[in-house]
file final.cif (mmCIF, C-alpha atoms and all ligand atoms)
data_data
loop_
_atom_site.label_atom_id
_atom_site.label_comp_id
_atom_site.auth_asym_id
_atom_site.auth_seq_id
_atom_site.Cartn_x
_atom_site.Cartn_y
_atom_site.Cartn_z
CA MET A 1 23.80 4.66 8.17
CA ILE A 2 20.55 6.63 8.03
CA THR A 3 17.49 4.87 6.61
CA LEU A 4 14.99 7.05 4.76
CA TYR A 5 11.53 5.53 4.36
CA THR A 6 10.10 6.38 0.96
CA PHE A 7 7.37 5.37 -1.49
CA GLY A 8 9.98 4.94 -4.25
CA PRO A 9 10.29 6.83 -7.55
CA GLY A 10 7.11 7.28 -9.57
CA PHE A 11 5.35 9.51 -12.12
CA GLY A 12 8.72 10.78 -13.38
CA LEU A 13 9.51 12.12 -9.91
CA PRO A 14 12.15 10.99 -7.40
CA ASP A 15 9.16 10.13 -5.21
CA PRO A 16 5.44 10.84 -5.67
CA SER A 17 5.53 12.46 -2.23
CA PRO A 18 7.05 15.95 -2.25
CA PHE A 19 7.85 15.54 1.44
CA VAL A 20 9.88 12.40 0.77
CA THR A 21 11.69 14.15 -2.08
CA LYS A 22 12.43 17.10 0.22
CA ALA A 23 13.90 14.81 2.90
CA GLU A 24 15.98 12.95 0.33
CA VAL A 25 17.41 16.14 -1.18
CA LEU A 26 18.27 17.37 2.33
CA LEU A 27 20.20 14.14 2.95
CA LYS A 28 21.98 14.59 -0.37
CA MET A 29 22.75 18.24 0.43
CA ALA A 30 24.13 17.20 3.83
CA GLY A 31 26.36 14.62 2.12
CA LEU A 32 25.31 12.01 4.65
CA PRO A 33 25.23 8.35 3.62
CA TYR A 34 21.69 6.93 3.65
CA ARG A 35 19.70 4.11 2.21
CA ALA A 36 16.14 4.35 0.95
CA ASP A 37 13.66 1.73 2.13
CA ARG A 38 10.20 1.36 0.59
CA SER A 39 8.78 -0.95 3.23
CA GLY A 40 8.19 1.48 6.09
CA PHE A 41 4.74 2.99 5.49
CA GLY A 42 2.91 0.46 7.69
CA LYS A 43 5.21 1.29 10.60
CA ALA A 44 5.34 5.07 10.10
CA PRO A 45 5.30 6.75 13.53
CA LYS A 46 2.85 9.43 12.38
CA GLY A 47 1.13 7.34 9.72
CA LYS A 48 2.90 9.32 6.99
CA LEU A 49 6.14 9.31 5.01
CA PRO A 50 8.87 10.38 5.22
CA TYR A 51 10.55 9.30 8.38
CA ILE A 52 14.13 8.32 9.03
CA VAL A 53 15.91 6.01 11.43
CA ASP A 54 19.27 7.39 12.49
CA ASP A 55 21.28 5.30 14.89
CA GLY A 56 18.11 3.73 16.32
CA GLU A 57 16.30 7.07 16.62
CA ARG A 58 13.10 7.49 14.57
CA ILE A 59 12.29 10.98 13.30
CA ALA A 60 9.03 11.58 11.44
CA ASP A 61 8.13 14.61 9.32
CA SER A 62 10.38 16.31 6.79
CA THR A 63 10.86 19.46 8.88
CA PHE A 64 11.79 17.53 11.99
CA ILE A 65 14.14 15.44 9.84
CA ARG A 66 15.78 18.65 8.69
CA TRP A 67 16.13 19.94 12.24
CA HIS A 68 17.52 16.58 13.34
CA LEU A 69 20.18 16.65 10.60
CA GLU A 70 21.08 20.19 11.57
CA LYS A 71 21.35 19.38 15.26
CA LYS A 72 22.85 15.92 15.26
CA HIS A 73 25.09 16.22 12.20
CA GLY A 74 25.98 19.90 12.47
CA VAL A 75 24.55 20.87 9.09
CA ASP A 76 23.39 24.43 8.45
CA PHE A 77 21.25 24.17 5.34
CA ASP A 78 20.82 27.93 5.30
CA ARG A 79 24.41 28.96 5.75
CA GLY A 80 25.10 32.39 4.40
CA LEU A 81 21.51 33.55 4.73
CA SER A 82 20.49 36.50 6.90
CA ALA A 83 17.75 36.11 9.52
CA GLY A 84 15.40 37.92 7.12
CA ASP A 85 16.25 35.54 4.27
CA ARG A 86 15.72 32.55 6.55
CA ALA A 87 12.30 33.92 7.43
CA VAL A 88 11.39 34.31 3.74
CA ALA A 89 12.64 30.78 3.06
CA TRP A 90 10.53 29.38 5.89
CA ALA A 91 7.42 31.24 4.70
CA PHE A 92 7.77 29.95 1.11
CA GLU A 93 8.37 26.46 2.40
CA LYS A 94 5.23 26.47 4.47
CA MET A 95 3.22 28.00 1.62
CA ALA A 96 4.26 25.02 -0.51
CA GLU A 97 3.71 22.41 2.18
CA ASP A 98 0.53 23.61 3.81
CA HIS A 99 -1.19 25.28 0.88
CA LEU A 100 0.10 24.18 -2.53
CA TYR A 101 0.33 20.56 -1.34
CA TRP A 102 -3.41 20.41 -0.78
CA ALA A 103 -4.16 21.70 -4.25
CA LEU A 104 -1.83 19.04 -5.68
CA LEU A 105 -3.47 16.37 -3.55
CA ASP A 106 -6.90 17.48 -4.72
CA ALA A 107 -5.78 17.38 -8.36
CA ARG A 108 -4.15 13.96 -8.14
CA TRP A 109 -6.58 12.12 -5.90
CA LEU A 110 -9.99 13.67 -6.39
CA ASP A 111 -10.02 14.19 -10.15
CA ASP A 112 -11.09 10.83 -11.63
CA ALA A 113 -8.90 11.01 -14.75
CA ASN A 114 -5.78 11.98 -12.80
CA PHE A 115 -6.48 9.38 -10.16
CA ALA A 116 -6.69 6.70 -12.85
CA LYS A 117 -3.32 7.82 -14.31
CA GLY A 118 -1.53 8.05 -10.97
CA PRO A 119 -2.53 7.09 -7.44
CA THR A 120 -4.53 4.08 -8.60
CA ALA A 121 -1.14 2.36 -9.03
CA PHE A 122 -0.63 2.45 -5.25
CA PHE A 123 -3.41 -0.13 -4.87
CA GLN A 124 -2.02 -2.82 -7.17
CA LYS A 125 -1.08 -5.04 -4.25
CA VAL A 126 -4.62 -4.98 -2.82
CA PRO A 127 -6.44 -8.18 -3.88
CA ALA A 128 -8.58 -7.43 -6.94
CA PRO A 129 -11.97 -8.38 -5.44
CA VAL A 130 -11.69 -5.84 -2.59
CA ARG A 131 -9.66 -3.23 -4.48
CA PRO A 132 -12.60 -0.98 -5.48
CA ILE A 133 -13.77 -0.91 -1.85
CA VAL A 134 -10.33 0.02 -0.52
CA VAL A 135 -9.81 2.62 -3.26
CA GLY A 136 -13.21 4.17 -2.50
CA LEU A 137 -12.46 4.24 1.22
CA VAL A 138 -9.06 5.90 0.82
CA ARG A 139 -10.38 8.47 -1.66
CA ARG A 140 -13.20 9.33 0.76
CA GLN A 141 -10.56 9.83 3.49
CA VAL A 142 -8.60 12.15 1.19
CA ARG A 143 -11.79 14.12 0.40
CA LYS A 144 -12.53 14.41 4.11
CA ALA A 145 -8.98 15.57 4.89
CA ALA A 146 -9.12 18.20 2.12
CA ARG A 147 -12.43 19.46 3.52
CA ALA A 148 -11.01 19.58 7.04
CA HIS A 149 -8.01 21.55 5.75
CA GLY A 150 -10.41 23.93 4.02
CA ILE A 151 -9.24 23.64 0.41
CA GLY A 152 -11.84 20.96 -0.22
CA ARG A 153 -14.62 23.48 0.38
CA HIS A 154 -13.66 25.52 -2.70
CA SER A 155 -14.71 25.03 -6.32
CA ALA A 156 -12.20 23.64 -8.80
CA ALA A 157 -11.78 27.12 -10.29
CA GLU A 158 -11.11 28.65 -6.87
CA ILE A 159 -8.52 25.98 -5.99
CA ALA A 160 -6.83 26.57 -9.36
CA ALA A 161 -6.71 30.32 -8.71
CA LEU A 162 -5.14 29.85 -5.27
CA ALA A 163 -2.57 27.34 -6.51
CA THR A 164 -1.70 29.51 -9.51
CA ARG A 165 -1.04 32.44 -7.18
CA SER A 166 1.42 30.28 -5.21
CA ILE A 167 3.15 29.00 -8.34
CA ASP A 168 3.48 32.55 -9.65
CA ALA A 169 4.91 33.68 -6.30
CA ILE A 170 7.53 30.91 -6.40
CA ALA A 171 8.45 31.74 -10.01
CA ASP A 172 8.61 35.48 -9.32
CA TYR A 173 10.79 35.05 -6.25
CA LEU A 174 13.13 32.62 -8.02
CA GLY A 175 13.39 35.09 -10.89
CA SER A 176 16.71 34.69 -12.69
CA LYS A 177 18.56 33.27 -9.67
CA SER A 178 20.10 29.80 -10.00
CA TYR A 179 18.64 28.64 -6.71
CA PHE A 180 15.74 29.83 -4.65
CA MET A 181 17.66 32.04 -2.25
CA GLY A 182 20.63 32.95 -4.46
CA GLY A 183 23.60 31.52 -6.30
CA GLU A 184 23.98 28.41 -4.16
CA PRO A 185 21.42 25.86 -2.97
CA THR A 186 20.01 26.18 0.55
CA GLY A 187 17.53 24.10 2.53
CA THR A 188 14.48 25.62 0.89
CA ASP A 189 15.59 24.31 -2.50
CA ALA A 190 14.82 20.79 -1.26
CA THR A 191 11.21 21.84 -0.76
CA MET A 192 10.97 23.99 -3.87
CA LEU A 193 12.31 21.27 -6.14
CA ALA A 194 9.85 18.80 -4.65
CA PHE A 195 6.79 20.99 -5.11
CA VAL A 196 7.69 22.63 -8.42
CA ALA A 197 8.48 19.20 -9.90
CA GLY A 198 5.22 17.90 -8.44
CA ALA A 199 3.37 20.76 -10.11
CA LEU A 200 5.11 20.18 -13.47
CA CYS A 201 4.61 16.40 -13.38
CA PRO A 202 3.50 15.53 -16.94
CA VAL A 203 1.42 12.54 -15.81
CA PHE A 204 -1.34 14.77 -14.50
CA ASP A 205 -3.48 17.29 -16.36
CA THR A 206 -4.03 20.08 -13.88
CA PRO A 207 -4.35 23.86 -13.89
CA ILE A 208 -1.40 23.84 -11.48
CA ARG A 209 0.74 22.26 -14.18
CA THR A 210 -0.52 24.79 -16.72
CA ALA A 211 0.43 27.59 -14.32
CA ALA A 212 3.91 26.12 -13.73
CA GLU A 213 4.54 25.50 -17.43
CA ARG A 214 4.08 29.20 -18.12
CA HIS A 215 7.34 29.85 -16.24
CA ASP A 216 10.49 28.81 -18.11
CA ASN A 217 12.59 29.64 -15.05
CA LEU A 218 10.78 26.93 -13.07
CA LYS A 219 11.48 24.29 -15.74
CA ARG A 220 15.15 25.30 -15.93
CA TYR A 221 15.32 25.25 -12.12
CA VAL A 222 14.04 21.67 -11.95
CA GLY A 223 16.59 20.67 -14.61
CA ARG A 224 19.36 22.38 -12.63
CA MET A 225 18.36 20.68 -9.40
CA ALA A 226 18.08 17.34 -11.23
CA ALA A 227 21.63 17.73 -12.58
CA ARG A 228 22.93 18.44 -9.10
CA TYR A 229 20.99 15.97 -6.96
CA TYR A 230 19.57 13.32 -9.30
CA PRO A 231 22.06 13.00 -12.18
CA ASP A 232 21.23 9.28 -12.39
CA LEU A 233 17.58 10.05 -13.22
CA GLY A 234 18.53 12.26 -16.18
CA GLU A 235 15.35 14.27 -15.82
CA ILE A 236 12.65 15.14 -13.32
CA ALA A 237 9.04 15.86 -14.30
CA GLY A 238 10.14 15.97 -17.93
CA CYS A 239 12.80 18.62 -17.24
CA LYS A 240 16.16 17.40 -18.51
CA ALA A 241 19.04 17.52 -16.04
CA ALA A 242 21.18 20.49 -17.10
CA ALA A 243 23.48 22.62 -14.95
N1 LIG B 301 4.22 17.27 7.40
C1 LIG B 301 4.65 16.01 6.84
C2 LIG B 301 3.73 15.63 5.70
C3 LIG B 301 3.97 14.22 5.17
C4 LIG B 301 2.84 13.72 4.28
O1 LIG B 301 1.79 14.36 4.13
N2 LIG B 301 3.07 12.57 3.66
C5 LIG B 301 2.04 11.97 2.84
C6 LIG B 301 2.57 11.68 1.45
S1 LIG B 301 2.81 13.16 0.53
C7 LIG B 301 1.63 10.63 3.43
O2 LIG B 301 2.46 9.83 3.84
N3 LIG B 301 0.33 10.37 3.44
C8 LIG B 301 -0.20 9.11 3.84
C9 LIG B 301 -1.45 9.25 4.62
O3 LIG B 301 -1.83 10.37 5.00
O4 LIG B 301 -2.06 8.20 4.87
C10 LIG B 301 6.12 16.13 6.41
O5 LIG B 301 6.62 17.25 6.24
O6 LIG B 301 6.79 15.10 6.30
#
call {"tool": "encode", "arguments": {"input": "final.cif", "output": "structure tokens"}}
result
Amino acid sequence: MITLYTFGPGFGLPDPSPFVTKAEVLLKMAGLPYRADRSGFGKAPKGKLPYIVDDGERIADSTFIRWHLEKKHGVDFDRGLSAGDRAVAWAFEKMAEDHLYWALLDARWLDDANFAKGPTAFFQKVPAPVRPIVVGLVRRQVRKAARAHGIGRHSAAEIAALATRSIDAIADYLGSKSYFMGGEPTGTDATMLAFVAGALCPVFDTPIRTAAERHDNLKRYVGRMAARYYPDLGEIAGCKAAA
């Protein structure tokens, strides 16, 4: 049985981490039995979640998890897609993971009001007397990482403009299709659900959410994906599960 290391559901999302959500949806798409374990962060091979343990083998990073499932378990998440479609899918995926993600991180962690409504909960287990110090340290690390990435060098308005462009691109490409690449789900839907739901998350007040809420097709898409992969949750990011 595969073990998927997660943070656990939060903020109305299957997991606060879009990368964990992506990995979980891929496991669900593959139809492979797995169990979720919330105790793995301290032992994460790359210091990040998700990672999986499959038959004693540890695989870290959602993309390497995908490739592992494809190779070891013979899954083709993109079956039916042409080489050109696979290229488009990859490009959208990386836009979400390496661009939109940073705008979401900035909005959740570096905006004081959003931080207080969300990530602050991750520190509940830290003893109260040292909590403000730990919180300050971690937020400084996030700020430093965002600066190193580059997004952290922009103004709030500039970050909002970049993120909005990505959200609009996702909505425009999805268009009236049921799933991102067509009538049936493919691997990229795992990523798109994770990031679109993250953008729509009603816990946080962000320009990214405002941009996503302008697109009814994105809300319906999250509801459709919720119905298919998380029927037990009933809704994701406030979007009711509906086929
Ligand atoms: N490229 C990685 C990214 C994973 C990632 O950034 N995970 C974040 C949560 S969204 C994390 O664990 N961060 C903890 C940290 O950096 O200390 C993947 O695709 O899995």
call {"tool": "atom_distance", "arguments": {"input": "final.cif", "atom1": "CA of Tyr5 in chain A", "atom2": "CA of Arg35 in chain A"}}
result
8.6 Å
call {"tool": "axis_aligned_box", "arguments": {"input": "final.cif", "around": "range 158-168 of chain A", "padding_each_side": "8 Å", "output": "JSON"}}
result
{"center_x": -3.8, "center_y": 29.3, "center_z": -7.4, "size_x": 30.6, "size_y": 22.6, "size_z": 20.4}
call {"tool": "residues_near_ligand", "arguments": {"input": "final.cif", "ligand": "ligand LIG 301 (chain B)", "cutoff": "8 Å", "atoms": "all atoms listed in the file", "output": "list in words"}}
result
Pro16, Ser17, Pro18, Phe19, Val20, Ala23, Phe41, Gly47, Lys48, Leu49, Pro50, Tyr51, Ala60, Asp61, Ser62, Thr63, Phe64, Glu97 and Val142 of chain A
call {"tool": "closest_residue", "arguments": {"input": "final.cif", "among": "A:Gly40, A:Gly223, A:Gly80, A:Pro33", "to": "Ala197 in chain A", "atoms": "all atoms listed in the file"}}
result
A:Gly223
call {"tool": "residues_around", "arguments": {"input": "final.cif", "residues": "Leu26 in chain A", "least_positions_apart": "6", "cutoff": "7 Å", "atoms": "all atoms listed in the file", "output": "VMD selection string"}}
result
chain A and resid 66 187 190
call {"tool": "atom_distance", "arguments": {"input": "final.cif", "atom1": "CA of Ser166 in chain A", "atom2": "CA of Tyr101 in chain A"}}
result
10.5 Å
call {"tool": "closest_residue", "arguments": {"input": "final.cif", "among": "A:Lys43, A:Arg108, A:Lys117, A:Lys94", "to": "Arg58 in chain A", "atoms": "all atoms listed in the file"}}
result
A:Lys43
call {"tool": "build_atoms", "arguments": {"input": "final.cif", "residues": "range 210-228 of chain A", "atoms": "N, CA, C and O atoms", "output": "PDB file, in the frame of the given file"}}
result
ATOM      1  N   THR A 210      -0.432  23.720 -15.714  1.00  0.00           N
ATOM      2  CA  THR A 210      -0.520  24.790 -16.720  1.00  0.00           C
ATOM      3  C   THR A 210       0.134  26.065 -16.188  1.00  0.00           C
ATOM      4  O   THR A 210       0.889  26.733 -16.894  1.00  0.00           O
ATOM      5  N   ALA A 211      -0.147  26.369 -14.918  1.00  0.00           N
ATOM      6  CA  ALA A 211       0.430  27.590 -14.320  1.00  0.00           C
ATOM      7  C   ALA A 211       1.953  27.474 -14.268  1.00  0.00           C
ATOM      8  O   ALA A 211       2.670  28.424 -14.596  1.00  0.00           O
ATOM      9  N   ALA A 212       2.461  26.299 -13.862  1.00  0.00           N
ATOM     10  CA  ALA A 212       3.910  26.120 -13.730  1.00  0.00           C
ATOM     11  C   ALA A 212       4.595  26.143 -15.097  1.00  0.00           C
ATOM     12  O   ALA A 212       5.701  26.683 -15.235  1.00  0.00           O
ATOM     13  N   GLU A 213       3.928  25.567 -16.091  1.00  0.00           N
ATOM     14  CA  GLU A 213       4.540  25.500 -17.430  1.00  0.00           C
ATOM     15  C   GLU A 213       4.687  26.874 -18.077  1.00  0.00           C
ATOM     16  O   GLU A 213       5.451  27.043 -19.020  1.00  0.00           O
ATOM     17  N   ARG A 214       3.944  27.843 -17.569  1.00  0.00           N
ATOM     18  CA  ARG A 214       4.080  29.200 -18.120  1.00  0.00           C
ATOM     19  C   ARG A 214       5.414  29.844 -17.730  1.00  0.00           C
ATOM     20  O   ARG A 214       5.795  30.866 -18.269  1.00  0.00           O
ATOM     21  N   HIS A 215       6.115  29.237 -16.758  1.00  0.00           N
ATOM     22  CA  HIS A 215       7.340  29.850 -16.240  1.00  0.00           C
ATOM     23  C   HIS A 215       8.565  29.021 -16.662  1.00  0.00           C
ATOM     24  O   HIS A 215       8.859  27.973 -16.079  1.00  0.00           O
ATOM     25  N   ASP A 216       9.288  29.530 -17.658  1.00  0.00           N
ATOM     26  CA  ASP A 216      10.490  28.810 -18.110  1.00  0.00           C
ATOM     27  C   ASP A 216      11.513  28.683 -17.003  1.00  0.00           C
ATOM     28  O   ASP A 216      12.255  27.711 -16.935  1.00  0.00           O
ATOM     29  N   ASN A 217      11.579  29.703 -16.115  1.00  0.00           N
ATOM     30  CA  ASN A 217      12.590  29.640 -15.050  1.00  0.00           C
ATOM     31  C   ASN A 217      12.330  28.448 -14.116  1.00  0.00           C
ATOM     32  O   ASN A 217      13.272  27.854 -13.594  1.00  0.00           O
ATOM     33  N   LEU A 218      11.066  28.073 -13.937  1.00  0.00           N
ATOM     34  CA  LEU A 218      10.780  26.930 -13.070  1.00  0.00           C
ATOM     35  C   LEU A 218      11.255  25.627 -13.736  1.00  0.00           C
ATOM     36  O   LEU A 218      11.812  24.748 -13.066  1.00  0.00           O
ATOM     37  N   LYS A 219      11.047  25.507 -15.036  1.00  0.00           N
ATOM     38  CA  LYS A 219      11.480  24.290 -15.740  1.00  0.00           C
ATOM     39  C   LYS A 219      13.015  24.182 -15.726  1.00  0.00           C
ATOM     40  O   LYS A 219      13.575  23.118 -15.490  1.00  0.00           O
ATOM     41  N   ARG A 220      13.671  25.321 -15.954  1.00  0.00           N
ATOM     42  CA  ARG A 220      15.150  25.300 -15.930  1.00  0.00           C
ATOM     43  C   ARG A 220      15.649  24.976 -14.521  1.00  0.00           C
ATOM     44  O   ARG A 220      16.636  24.263 -14.340  1.00  0.00           O
ATOM     45  N   TYR A 221      14.953  25.502 -13.531  1.00  0.00           N
ATOM     46  CA  TYR A 221      15.320  25.250 -12.120  1.00  0.00           C
ATOM     47  C   TYR A 221      15.247  23.758 -11.802  1.00  0.00           C
ATOM     48  O   TYR A 221      16.177  23.198 -11.194  1.00  0.00           O
ATOM     49  N   VAL A 222      14.169  23.111 -12.226  1.00  0.00           N
ATOM     50  CA  VAL A 222      14.040  21.670 -11.950  1.00  0.00           C
ATOM     51  C   VAL A 222      15.165  20.905 -12.654  1.00  0.00           C
ATOM     52  O   VAL A 222      15.776  20.003 -12.084  1.00  0.00           O
ATOM     53  N   GLY A 223      15.481  21.309 -13.887  1.00  0.00           N
ATOM     54  CA  GLY A 223      16.590  20.670 -14.610  1.00  0.00           C
ATOM     55  C   GLY A 223      17.920  20.863 -13.896  1.00  0.00           C
ATOM     56  O   GLY A 223      18.749  19.957 -13.805  1.00  0.00           O
ATOM     57  N   ARG A 224      18.117  22.059 -13.353  1.00  0.00           N
ATOM     58  CA  ARG A 224      19.360  22.380 -12.630  1.00  0.00           C
ATOM     59  C   ARG A 224      19.475  21.548 -11.353  1.00  0.00           C
ATOM     60  O   ARG A 224      20.519  21.002 -11.026  1.00  0.00           O
ATOM     61  N   MET A 225      18.371  21.466 -10.632  1.00  0.00           N
ATOM     62  CA  MET A 225      18.360  20.680  -9.400  1.00  0.00           C
ATOM     63  C   MET A 225      18.533  19.184  -9.723  1.00  0.00           C
ATOM     64  O   MET A 225      19.214  18.451  -8.995  1.00  0.00           O
ATOM     65  N   ALA A 226      17.934  18.750 -10.824  1.00  0.00           N
ATOM     66  CA  ALA A 226      18.080  17.340 -11.230  1.00  0.00           C
ATOM     67  C   ALA A 226      19.538  17.032 -11.527  1.00  0.00           C
ATOM     68  O   ALA A 226      20.069  15.990 -11.112  1.00  0.00           O
ATOM     69  N   ALA A 227      20.214  17.948 -12.237  1.00  0.00           N
ATOM     70  CA  ALA A 227      21.630  17.730 -12.580  1.00  0.00           C
ATOM     71  C   ALA A 227      22.465  17.623 -11.312  1.00  0.00           C
ATOM     72  O   ALA A 227      23.411  16.830 -11.237  1.00  0.00           O
ATOM     73  N   ARG A 228      22.115  18.398 -10.306  1.00  0.00           N
ATOM     74  CA  ARG A 228      22.930  18.440  -9.100  1.00  0.00           C
ATOM     75  C   ARG A 228      22.635  17.283  -8.138  1.00  0.00           C
ATOM     76  O   ARG A 228      23.548  16.720  -7.549  1.00  0.00           O
TER      77      ARG A 228
END
